[in-house]
file data09.pdb (PDB, C-alpha atoms, pLDDT in the B column)
MODEL        1
ATOM      1  CA  MET A  60     122.730  27.279  81.365  1.00 59.00           C
ATOM      2  CA  LEU A  61     122.997  23.509  81.802  1.00 69.00           C
ATOM      3  CA  ILE A  62     121.642  22.081  85.043  1.00 89.00           C
ATOM      4  CA  VAL A  63     123.908  19.636  86.883  1.00 92.00           C
ATOM      5  CA  THR A  64     121.998  16.418  87.494  1.00 92.00           C
ATOM      6  CA  SER A  65     124.777  14.177  88.818  1.00 93.00           C
ATOM      7  CA  ALA A  66     126.698  14.307  92.086  1.00 92.00           C
ATOM      8  CA  GLN A  67     129.625  12.799  90.168  1.00 95.00           C
ATOM      9  CA  ASN A  68     130.277  16.161  88.532  1.00 95.00           C
ATOM     10  CA  PRO A  69     133.944  16.997  89.398  1.00 96.00           C
ATOM     11  CA  THR A  70     133.098  20.366  90.990  1.00 96.00           C
ATOM     12  CA  ILE A  71     130.262  18.863  93.015  1.00 97.00           C
ATOM     13  CA  LYS A  72     132.576  16.087  94.199  1.00 97.00           C
ATOM     14  CA  LEU A  73     135.104  18.716  95.317  1.00 97.00           C
ATOM     15  CA  ILE A  74     132.438  20.655  97.221  1.00 98.00           C
ATOM     16  CA  ARG A  75     131.106  17.520  98.899  1.00 97.00           C
ATOM     17  CA  SER A  76     134.637  16.628  99.974  1.00 98.00           C
ATOM     18  CA  LEU A  77     134.708  19.822 102.079  1.00 98.00           C
ATOM     19  CA  ASP A  78     132.748  17.947 104.743  1.00 97.00           C
ATOM     20  CA  ASP A  79     136.174  16.557 105.677  1.00 97.00           C
ATOM     21  CA  LYS A  80     138.624  18.815 107.560  1.00 97.00           C
ATOM     22  CA  LYS A  81     141.522  17.407 105.541  1.00 97.00           C
ATOM     23  CA  HIS A  82     139.986  18.624 102.284  1.00 98.00           C
ATOM     24  CA  ARG A  83     138.935  21.980 103.753  1.00 98.00           C
ATOM     25  CA  GLN A  84     142.550  22.557 104.743  1.00 97.00           C
ATOM     26  CA  GLU A  85     143.848  21.325 101.397  1.00 98.00           C
ATOM     27  CA  HIS A  86     141.631  23.626  99.345  1.00 98.00           C
ATOM     28  CA  GLY A  87     141.231  26.487 101.862  1.00 98.00           C
ATOM     29  CA  LEU A  88     137.468  26.480 101.263  1.00 98.00           C
ATOM     30  CA  PHE A  89     134.298  26.112 103.325  1.00 98.00           C
ATOM     31  CA  VAL A  90     130.550  25.799 102.681  1.00 98.00           C
ATOM     32  CA  ALA A  91     127.776  28.156 103.824  1.00 98.00           C
ATOM     33  CA  GLU A  92     124.098  27.370 103.240  1.00 98.00           C
ATOM     34  CA  GLY A  93     120.957  29.448 102.814  1.00 95.00           C
ATOM     35  CA  ARG A  94     119.957  32.857 101.451  1.00 95.00           C
ATOM     36  CA  GLN A  95     120.017  34.643 104.823  1.00 96.00           C
ATOM     37  CA  VAL A  96     123.547  33.462 105.558  1.00 98.00           C
ATOM     38  CA  LEU A  97     124.718  34.331 102.056  1.00 98.00           C
ATOM     39  CA  GLU A  98     123.168  37.789 102.341  1.00 97.00           C
ATOM     40  CA  ARG A  99     125.332  38.432 105.402  1.00 98.00           C
ATOM     41  CA  ALA A 100     128.351  37.361 103.372  1.00 98.00           C
ATOM     42  CA  ARG A 101     127.425  39.921 100.691  1.00 97.00           C
ATOM     43  CA  GLN A 102     127.011  42.657 103.295  1.00 97.00           C
ATOM     44  CA  GLU A 103     130.464  41.924 104.693  1.00 98.00           C
ATOM     45  CA  GLY A 104     132.140  42.009 101.286  1.00 97.00           C
ATOM     46  CA  TRP A 105     132.782  38.284 100.851  1.00 98.00           C
ATOM     47  CA  GLU A 106     132.627  36.702  97.407  1.00 98.00           C
ATOM     48  CA  PRO A 107     132.137  32.963  96.884  1.00 98.00           C
ATOM     49  CA  ALA A 108     134.313  30.823  94.692  1.00 98.00           C
ATOM     50  CA  TYR A 109     131.184  28.849  93.747  1.00 97.00           C
ATOM     51  CA  LEU A 110     127.493  29.646  94.049  1.00 97.00           C
ATOM     52  CA  LEU A 111     125.122  26.680  93.813  1.00 97.00           C
ATOM     53  CA  ALA A 112     121.443  27.289  93.134  1.00 97.00           C
ATOM     54  CA  THR A 113     118.330  25.296  92.264  1.00 96.00           C
ATOM     55  CA  GLY A 114     116.568  28.351  90.857  1.00 91.00           C
ATOM     56  CA  HIS A 115     117.388  31.889  89.791  1.00 90.00           C
ATOM     57  CA  ALA A 116     120.451  33.459  91.395  1.00 91.00           C
ATOM     58  CA  GLU A 117     121.897  36.906  90.789  1.00 91.00           C
ATOM     59  CA  PRO A 118     125.516  37.008  89.565  1.00 91.00           C
ATOM     60  CA  TRP A 119     127.947  37.498  92.438  1.00 96.00           C
ATOM     61  CA  GLY A 120     131.291  38.949  91.423  1.00 95.00           C
ATOM     62  CA  LYS A 121     133.486  36.322  89.782  1.00 95.00           C
ATOM     63  CA  ALA A 122     131.759  33.401  91.490  1.00 96.00           C
ATOM     64  CA  ALA A 123     131.152  30.359  89.299  1.00 95.00           C
ATOM     65  CA  LEU A 124     127.356  29.939  89.215  1.00 96.00           C
ATOM     66  CA  ILE A 125     126.272  26.307  89.078  1.00 96.00           C
ATOM     67  CA  GLN A 126     122.638  25.344  88.593  1.00 96.00           C
ATOM     68  CA  LEU A 127     121.638  22.081  90.284  1.00 95.00           C
ATOM     69  CA  ASP A 128     118.502  20.020  90.315  1.00 95.00           C
ATOM     70  CA  GLU A 129     116.943  19.559  93.763  1.00 95.00           C
ATOM     71  CA  ARG A 130     118.142  15.962  94.082  1.00 96.00           C
ATOM     72  CA  VAL A 131     121.799  16.930  93.699  1.00 96.00           C
ATOM     73  CA  MET A 132     121.350  19.930  96.005  1.00 97.00           C
ATOM     74  CA  GLY A 133     120.040  17.487  98.603  1.00 96.00           C
ATOM     75  CA  GLN A 134     123.227  15.455  98.231  1.00 96.00           C
ATOM     76  CA  VAL A 135     125.434  18.535  98.635  1.00 96.00           C
ATOM     77  CA  SER A 136     123.541  20.075 101.557  1.00 97.00           C
ATOM     78  CA  ALA A 137     124.082  18.882 105.131  1.00 94.00           C
ATOM     79  CA  GLN A 138     120.549  19.962 106.083  1.00 93.00           C
ATOM     80  CA  LYS A 139     117.419  17.798 106.136  1.00 92.00           C
ATOM     81  CA  ASN A 140     115.601  20.501 104.187  1.00 94.00           C
ATOM     82  CA  PRO A 141     118.189  21.702 101.647  1.00 95.00           C
ATOM     83  CA  PRO A 142     118.259  25.427 100.829  1.00 96.00           C
ATOM     84  CA  ASP A 143     117.949  26.747  97.300  1.00 96.00           C
ATOM     85  CA  GLN A 144     121.404  28.352  97.452  1.00 97.00           C
ATOM     86  CA  ILE A 145     124.804  27.297  98.784  1.00 98.00           C
ATOM     87  CA  GLY A 146     128.011  29.319  98.683  1.00 98.00           C
ATOM     88  CA  VAL A 147     131.553  27.969  98.753  1.00 98.00           C
ATOM     89  CA  PHE A 148     133.999  30.540 100.154  1.00 98.00           C
ATOM     90  CA  ARG A 149     137.708  30.875 100.748  1.00 98.00           C
ATOM     91  CA  GLN A 150     138.714  30.715 104.397  1.00 98.00           C
ATOM     92  CA  ARG A 151     139.794  34.048 105.816  1.00 98.00           C
ATOM     93  CA  TRP A 152     142.006  34.533 108.875  1.00 98.00           C
ATOM     94  CA  THR A 153     143.035  37.803 110.525  1.00 97.00           C
ATOM     95  CA  ASP A 154     146.818  38.013 110.899  1.00 94.00           C
ATOM     96  CA  SER A 155     147.060  39.774 114.250  1.00 94.00           C
ATOM     97  CA  VAL A 156     145.104  41.021 117.254  1.00 97.00           C
ATOM     98  CA  LYS A 157     144.513  44.759 117.535  1.00 95.00           C
ATOM     99  CA  PRO A 158     143.978  45.495 121.264  1.00 96.00           C
ATOM    100  CA  GLU A 159     140.772  47.508 121.234  1.00 96.00           C
ATOM    101  CA  GLY A 160     137.245  46.934 122.494  1.00 97.00           C
ATOM    102  CA  VAL A 161     136.498  43.411 123.724  1.00 98.00           C
ATOM    103  CA  TRP A 162     138.142  40.284 122.337  1.00 98.00           C
ATOM    104  CA  VAL A 163     137.335  36.665 123.187  1.00 98.00           C
ATOM    105  CA  ALA A 164     140.149  34.104 123.468  1.00 98.00           C
ATOM    106  CA  LEU A 165     139.188  30.420 123.434  1.00 98.00           C
ATOM    107  CA  GLU A 166     141.703  27.869 124.667  1.00 98.00           C
ATOM    108  CA  ASP A 167     141.377  24.314 123.281  1.00 96.00           C
ATOM    109  CA  MET A 168     137.760  24.757 122.167  1.00 96.00           C
ATOM    110  CA  ARG A 169     136.741  21.327 120.860  1.00 94.00           C
ATOM    111  CA  ASP A 170     133.040  21.462 119.983  1.00 96.00           C
ATOM    112  CA  PRO A 171     132.210  23.197 116.656  1.00 97.00           C
ATOM    113  CA  GLY A 172     128.628  23.864 117.752  1.00 97.00           C
ATOM    114  CA  ASN A 173     129.824  25.705 120.850  1.00 97.00           C
ATOM    115  CA  LEU A 174     132.378  27.608 118.789  1.00 98.00           C
ATOM    116  CA  GLY A 175     129.753  28.671 116.268  1.00 98.00           C
ATOM    117  CA  THR A 176     127.425  29.849 119.032  1.00 98.00           C
ATOM    118  CA  ILE A 177     130.251  31.857 120.604  1.00 98.00           C
ATOM    119  CA  ILE A 178     131.106  33.518 117.271  1.00 98.00           C
ATOM    120  CA  ARG A 179     127.444  34.451 116.795  1.00 98.00           C
ATOM    121  CA  THR A 180     127.200  35.805 120.357  1.00 98.00           C
ATOM    122  CA  ALA A 181     130.452  37.764 119.977  1.00 98.00           C
ATOM    123  CA  ASP A 182     129.024  39.322 116.831  1.00 98.00           C
ATOM    124  CA  ALA A 183     125.774  40.233 118.617  1.00 97.00           C
ATOM    125  CA  ALA A 184     127.684  41.789 121.527  1.00 97.00           C
ATOM    126  CA  GLY A 185     129.886  43.872 119.234  1.00 97.00           C
ATOM    127  CA  ALA A 186     133.147  42.107 120.079  1.00 98.00           C
ATOM    128  CA  SER A 187     136.267  43.013 118.125  1.00 98.00           C
ATOM    129  CA  GLY A 188     137.208  39.426 117.307  1.00 98.00           C
ATOM    130  CA  VAL A 189     137.677  35.823 118.420  1.00 98.00           C
ATOM    131  CA  ILE A 190     141.030  34.166 119.093  1.00 98.00           C
ATOM    132  CA  LEU A 191     141.340  30.398 118.672  1.00 98.00           C
ATOM    133  CA  ALA A 192     144.253  29.266 120.802  1.00 97.00           C
ATOM    134  CA  CYS A 193     146.173  25.988 121.026  1.00 95.00           C
ATOM    135  CA  GLN A 194     144.158  22.956 119.780  1.00 92.00           C
ATOM    136  CA  SER A 195     140.818  24.621 119.073  1.00 94.00           C
ATOM    137  CA  CYS A 196     138.498  23.013 116.534  1.00 96.00           C
ATOM    138  CA  ASP A 197     138.005  24.138 112.931  1.00 98.00           C
ATOM    139  CA  PRO A 198     135.729  27.218 112.627  1.00 98.00           C
ATOM    140  CA  TRP A 199     135.117  26.356 108.967  1.00 98.00           C
ATOM    141  CA  ALA A 200     133.467  23.018 109.803  1.00 98.00           C
ATOM    142  CA  GLY A 201     129.851  22.765 108.715  1.00 97.00           C
ATOM    143  CA  ASP A 202     128.448  22.477 112.259  1.00 97.00           C
ATOM    144  CA  CYS A 203     130.291  25.630 113.300  1.00 98.00           C
ATOM    145  CA  VAL A 204     129.373  27.669 110.220  1.00 98.00           C
ATOM    146  CA  ARG A 205     125.689  26.750 110.613  1.00 97.00           C
ATOM    147  CA  ALA A 206     125.718  27.677 114.308  1.00 98.00           C
ATOM    148  CA  THR A 207     127.084  31.144 113.507  1.00 98.00           C
ATOM    149  CA  MET A 208     124.001  31.943 111.363  1.00 98.00           C
ATOM    150  CA  GLY A 209     126.157  34.145 109.126  1.00 98.00           C
ATOM    151  CA  SER A 210     128.286  35.744 111.851  1.00 98.00           C
ATOM    152  CA  ILE A 211     131.297  33.795 110.558  1.00 98.00           C
ATOM    153  CA  PHE A 212     131.459  36.478 107.848  1.00 98.00           C
ATOM    154  CA  GLY A 213     131.439  39.411 110.275  1.00 98.00           C
ATOM    155  CA  MET A 214     133.790  38.300 113.034  1.00 98.00           C
ATOM    156  CA  PRO A 215     137.612  38.471 112.682  1.00 98.00           C
ATOM    157  CA  LEU A 216     139.231  35.130 113.589  1.00 98.00           C
ATOM    158  CA  VAL A 217     142.831  34.774 114.759  1.00 98.00           C
ATOM    159  CA  ARG A 218     144.827  31.559 115.317  1.00 97.00           C
ATOM    160  CA  LEU A 219     147.506  31.401 118.009  1.00 97.00           C
ATOM    161  CA  GLU A 220     149.835  28.660 119.185  1.00 97.00           C
ATOM    162  CA  GLN A 221     150.231  28.246 122.948  1.00 96.00           C
ATOM    163  CA  LYS A 222     153.414  30.313 123.319  1.00 97.00           C
ATOM    164  CA  ALA A 223     151.976  33.303 121.437  1.00 97.00           C
ATOM    165  CA  PHE A 224     148.678  32.914 123.302  1.00 98.00           C
ATOM    166  CA  LEU A 225     150.321  33.034 126.747  1.00 98.00           C
ATOM    167  CA  SER A 226     152.436  36.008 125.700  1.00 97.00           C
ATOM    168  CA  LEU A 227     149.314  37.857 124.565  1.00 98.00           C
ATOM    169  CA  LEU A 228     147.634  37.271 127.940  1.00 97.00           C
ATOM    170  CA  LYS A 229     150.637  38.609 129.845  1.00 96.00           C
ATOM    171  CA  GLU A 230     151.208  41.614 127.582  1.00 96.00           C
ATOM    172  CA  TRP A 231     147.571  42.669 127.038  1.00 97.00           C
ATOM    173  CA  PRO A 232     147.401  46.459 127.674  1.00 96.00           C
ATOM    174  CA  GLY A 233     144.019  46.444 129.436  1.00 94.00           C
ATOM    175  CA  GLU A 234     142.679  43.426 131.334  1.00 96.00           C
ATOM    176  CA  SER A 235     142.992  39.779 130.350  1.00 98.00           C
ATOM    177  CA  VAL A 236     140.169  38.194 132.339  1.00 98.00           C
ATOM    178  CA  GLY A 237     139.875  34.422 132.658  1.00 98.00           C
ATOM    179  CA  THR A 238     136.901  32.500 134.021  1.00 96.00           C
ATOM    180  CA  HIS A 239     137.782  29.925 136.671  1.00 93.00           C
ATOM    181  CA  LEU A 240     135.714  27.846 139.089  1.00 88.00           C
ATOM    182  CA  LYS A 241     138.168  28.580 141.917  1.00 90.00           C
ATOM    183  CA  ALA A 242     138.192  32.346 141.376  1.00 94.00           C
ATOM    184  CA  THR A 243     136.740  34.447 144.184  1.00 94.00           C
ATOM    185  CA  GLU A 244     135.803  37.599 142.260  1.00 97.00           C
ATOM    186  CA  ASN A 245     132.326  37.867 140.745  1.00 97.00           C
ATOM    187  CA  TYR A 246     132.148  38.413 136.984  1.00 97.00           C
ATOM    188  CA  ARG A 247     129.685  41.289 137.520  1.00 96.00           C
ATOM    189  CA  ARG A 248     132.180  44.125 137.667  1.00 95.00           C
ATOM    190  CA  SER A 249     133.684  46.923 135.578  1.00 93.00           C
ATOM    191  CA  TYR A 250     136.183  45.814 132.956  1.00 95.00           C
ATOM    192  CA  ALA A 251     139.170  47.907 131.942  1.00 93.00           C
ATOM    193  CA  ALA A 252     139.451  48.513 128.207  1.00 94.00           C
ATOM    194  CA  PRO A 253     140.664  46.968 126.079  1.00 97.00           C
ATOM    195  CA  THR A 254     139.327  43.708 127.500  1.00 98.00           C
ATOM    196  CA  LEU A 255     140.421  40.186 126.629  1.00 98.00           C
ATOM    197  CA  LEU A 256     137.955  37.551 127.868  1.00 98.00           C
ATOM    198  CA  VAL A 257     139.657  34.170 128.227  1.00 98.00           C
ATOM    199  CA  MET A 258     137.600  30.977 128.190  1.00 98.00           C
ATOM    200  CA  GLY A 259     138.799  27.415 128.688  1.00 95.00           C
ATOM    201  CA  SER A 260     137.858  24.158 127.006  1.00 91.00           C
ATOM    202  CA  GLU A 261     134.556  22.355 127.577  1.00 86.00           C
ATOM    203  CA  GLY A 262     136.147  19.549 129.580  1.00 84.00           C
ATOM    204  CA  ARG A 263     138.919  20.902 131.770  1.00 87.00           C
ATOM    205  CA  GLY A 264     138.292  24.643 131.686  1.00 91.00           C
ATOM    206  CA  LEU A 265     141.172  27.100 131.578  1.00 96.00           C
ATOM    207  CA  SER A 266     144.641  25.554 131.825  1.00 96.00           C
ATOM    208  CA  ASP A 267     146.929  26.361 134.733  1.00 96.00           C
ATOM    209  CA  GLU A 268     149.323  28.157 132.362  1.00 97.00           C
ATOM    210  CA  ALA A 269     146.593  30.378 130.910  1.00 97.00           C
ATOM    211  CA  SER A 270     145.084  31.039 134.346  1.00 97.00           C
ATOM    212  CA  ALA A 271     148.449  32.210 135.659  1.00 97.00           C
ATOM    213  CA  ALA A 272     148.985  34.460 132.622  1.00 98.00           C
ATOM    214  CA  CYS A 273     145.648  36.294 132.996  1.00 98.00           C
ATOM    215  CA  SER A 274     145.707  39.610 134.841  1.00 97.00           C
ATOM    216  CA  ARG A 275     142.472  38.686 136.661  1.00 97.00           C
ATOM    217  CA  LEU A 276     140.274  35.632 137.265  1.00 98.00           C
ATOM    218  CA  VAL A 277     136.513  35.762 137.834  1.00 97.00           C
ATOM    219  CA  ARG A 278     133.734  33.273 138.384  1.00 95.00           C
ATOM    220  CA  ILE A 279     130.065  33.115 137.437  1.00 95.00           C
ATOM    221  CA  PRO A 280     128.136  32.211 140.624  1.00 93.00           C
ATOM    222  CA  MET A 281     125.600  29.386 140.399  1.00 89.00           C
ATOM    223  CA  LYS A 282     122.840  28.590 142.913  1.00 88.00           C
ATOM    224  CA  GLY A 283     121.849  25.195 141.532  1.00 90.00           C
ATOM    225  CA  GLY A 284     123.567  21.839 141.599  1.00 86.00           C
ATOM    226  CA  ALA A 285     125.366  22.010 138.241  1.00 86.00           C
ATOM    227  CA  GLU A 286     129.155  22.109 138.524  1.00 81.00           C
ATOM    228  CA  SER A 287     129.638  24.381 135.532  1.00 83.00           C
ATOM    229  CA  LEU A 288     127.933  26.185 132.665  1.00 91.00           C
ATOM    230  CA  ASN A 289     128.118  25.332 128.997  1.00 94.00           C
ATOM    231  CA  VAL A 290     131.083  27.316 127.657  1.00 96.00           C
ATOM    232  CA  ALA A 291     128.979  29.119 125.042  1.00 97.00           C
ATOM    233  CA  ILE A 292     126.508  30.272 127.725  1.00 96.00           C
ATOM    234  CA  ALA A 293     129.346  31.364 130.009  1.00 97.00           C
ATOM    235  CA  THR A 294     131.010  33.290 127.190  1.00 98.00           C
ATOM    236  CA  GLY A 295     127.735  35.041 126.406  1.00 98.00           C
ATOM    237  CA  LEU A 296     127.346  36.177 130.015  1.00 97.00           C
ATOM    238  CA  MET A 297     130.924  37.462 130.080  1.00 98.00           C
ATOM    239  CA  LEU A 298     130.578  39.301 126.767  1.00 98.00           C
ATOM    240  CA  PHE A 299     127.427  41.170 127.658  1.00 97.00           C
ATOM    241  CA  GLU A 300     128.738  42.015 131.125  1.00 96.00           C
ATOM    242  CA  ALA A 301     132.017  43.354 129.682  1.00 95.00           C
ATOM    243  CA  GLN A 302     130.132  45.413 127.095  1.00 89.00           C
ATOM    244  CA  LYS A 303     127.480  46.576 129.587  1.00 78.00           C
ATOM    245  CA  LEU A 304     124.735  46.091 126.995  1.00 52.00           C
TER     246      LEU A 304
ENDMDL
END
call {"tool": "encode", "arguments": {"input": "data09.pdb", "output": "structure tokens"}}
result
Amino acid sequence: MLIVTSAQNPTIKLIRSLDDKKHRQEHGLFVAEGRQVLERARQEGWEPAYLLATGHAEPWGKAALIQLDERVMGQVSAQKNPPDQIGVFRQRWTDSVKPEGVWVALEDMRDPGNLGTIIRTADAAGASGVILACQSCDPWAGDCVRATMGSIFGMPLVRLEQKAFLSLLKEWPGESVGTHLKATENYRRSYAAPTLLVMGSEGRGLSDEASAACSRLVRIPMKGGAESLNVAIATGLMLFEAQKL
């Protein structure tokens, strides 16, 4: 097999363009780096469109295997120490929310690192899925995918516009529980199943519309001087409390 030695190769140029949200949306693809992450993808039944490798790589379904020299891999990778394998996958969205277990709904989540951490934590806590509501950032962005450490392949993701999101909160058959700084009820409590945990954006928190649509609001008490917690930390506390793990 020929080894690609130029970043001007048309396929390599396409893959590098996926750093840009516009091109990720256009092609419906995203990049995942490293053997451990790719192993999780295999376990979850994903198959890459392209598999890039600097050394030996086992065939993976119908994936196009492309051998690169280390210099070109360094130009493709977003990491300071490039891995020896990179997979390019098709984006996968779940069409609807099945009310069972614990779901996490994120309103206007803007930071891909926070989103990736939340997806990873939801996976660790055994959540049923993550809902990205309103103007949430792109889960297929490189910063988000890296932060998930492979959990992007094991966690169902659902997109909802505001109207559908608010309707879901009002119609949820168990409890839709929002976190709010002005809430009086402590988050350490029993949660009725199925549970929908509702988290607001990093800057303004939960919107007034979403707060009003939740069946219950809780707060995470803080003894120190900080006004609020990082949203990924707060979501982790809520998830493990709701699951009683």
call {"tool": "resolve_selection", "arguments": {"input": "data09.pdb", "expression": "the PyMOL selection byres ((chain A and resi 65) around 9)", "output": "NGL selection string"}}
result
:A and (63-64 or 66-68 or 71 or 127-128 or 130-131)
call {"tool": "resolve_selection", "arguments": {"input": "data09.pdb", "expression": "the PyMOL selection byres ((chain A and resi 228) around 8)", "output": "ChimeraX atom specification"}}
result
/A:224-227,229-231,235,255,269,272-274
call {"tool": "residues_around", "arguments": {"input": "data09.pdb", "residues": "region 245-251 of chain A", "least_positions_apart": "5", "cutoff": "10 Å", "atoms": "only C-alpha atoms", "output": "PyMOL selection string"}}
result
chain A and resi 160-161+232-238+256+276-280+296-297+300-303
call {"tool": "closest_residue", "arguments": {"input": "data09.pdb", "among": "A:Met281, A:Ala123, A:Ala206, A:Ala252", "to": "Val96 (chain A)", "atoms": "only C-alpha atoms"}}
result
A:Ala206
call {"tool": "resolve_selection", "arguments": {"input": "data09.pdb", "expression": "the PyMOL selection byres ((chain A and resi 200) around 12)", "output": "PyMOL selection string"}}
result
chain A and resi 76-84+87-91+137+150+169-175+195-199+201-207+211
call {"tool": "residues_around", "arguments": {"input": "data09.pdb", "residues": "Ala186 (chain A)", "least_positions_apart": "6", "cutoff": "12 Å", "atoms": "all atoms listed in the file", "output": "ChimeraX atom specification"}}
result
/A:157-164,177-180,210,213-216,253-256,294-295,297-304
call {"tool": "residues_around", "arguments": {"input": "data09.pdb", "residues": "region 191-194 of chain A", "least_positions_apart": "2", "cutoff": "6 Å", "atoms": "all atoms listed in the file", "output": "list in words"}}
result
Leu165, Glu166, Asp167, Arg218, Leu219, Glu220 and Gln221 of chain A
call {"tool": "write_last_selection", "arguments": {"input": "data09.pdb", "atoms": "C-alpha atoms", "output": "JSON list (two decimals), in the coordinates of the input"}}
result
[["chain", "number", "residue", "atom", "x", "y", "z"],
["A", 165, "LEU", "CA", 139.19, 30.42, 123.43],
["A", 166, "GLU", "CA", 141.70, 27.87, 124.67],
["A", 167, "ASP", "CA", 141.38, 24.31, 123.28],
["A", 218, "ARG", "CA", 144.83, 31.56, 115.32],
["A", 219, "LEU", "CA", 147.51, 31.40, 118.01],
["A", 220, "GLU", "CA", 149.84, 28.66, 119.18],
["A", 221, "GLN", "CA", 150.23, 28.25, 122.95]]
call {"tool": "closest_residue", "arguments": {"input": "data09.pdb", "among": "A:Val217, A:Leu110, A:Val257, A:Pro142", "to": "Ala271 (chain A)", "atoms": "only C-alpha atoms"}}
result
A:Val257
call {"tool": "closest_residue", "arguments": {"input": "data09.pdb", "among": "A:Ala100, A:Leu73, A:Ala181, A:Met168", "to": "Phe148 (chain A)", "atoms": "only C-alpha atoms"}}
result
A:Ala100
call {"tool": "atom_distance", "arguments": {"input": "data09.pdb", "atom1": "CA of His115 (chain A)", "atom2": "CA of Asp143 (chain A)"}}
result
9.1 Å
call {"tool": "atom_distance", "arguments": {"input": "data09.pdb", "atom1": "CA of Glu129 (chain A)", "atom2": "CA of Ile145 (chain A)"}}
result
12.1 Å
call {"tool": "closest_residue", "arguments": {"input": "data09.pdb", "among": "A:Lys72, A:Arg263, A:Lys222, A:Lys121", "to": "His239 (chain A)", "atoms": "all atoms listed in the file"}}
result
A:Arg263
call {"tool": "atom_distance", "arguments": {"input": "data09.pdb", "atom1": "CA of Gln138 (chain A)", "atom2": "CA of Leu97 (chain A)"}}
result
15.5 Å
call {"tool": "closest_residue", "arguments": {"input": "data09.pdb", "among": "A:Ala285, A:Ile125, A:Leu111, A:Val156", "to": "Gln144 (chain A)", "atoms": "all atoms listed in the file"}}
result
A:Leu111
call {"tool": "axis_aligned_box", "arguments": {"input": "data09.pdb", "around": "region 270-275 of chain A", "padding_each_side": "8 Å", "output": "AutoDock Vina command-line options"}}
result
--center_x 145.7 --center_y 35.3 --center_z 134.6 --size_x 22.5 --size_y 24.6 --size_z 20.0
call {"tool": "closest_residue", "arguments": {"input": "data09.pdb", "among": "A:Thr243, A:Gln134, A:Asn140, A:Asn289", "to": "Arg275 (chain A)", "atoms": "all atoms listed in the file"}}
result
A:Thr243
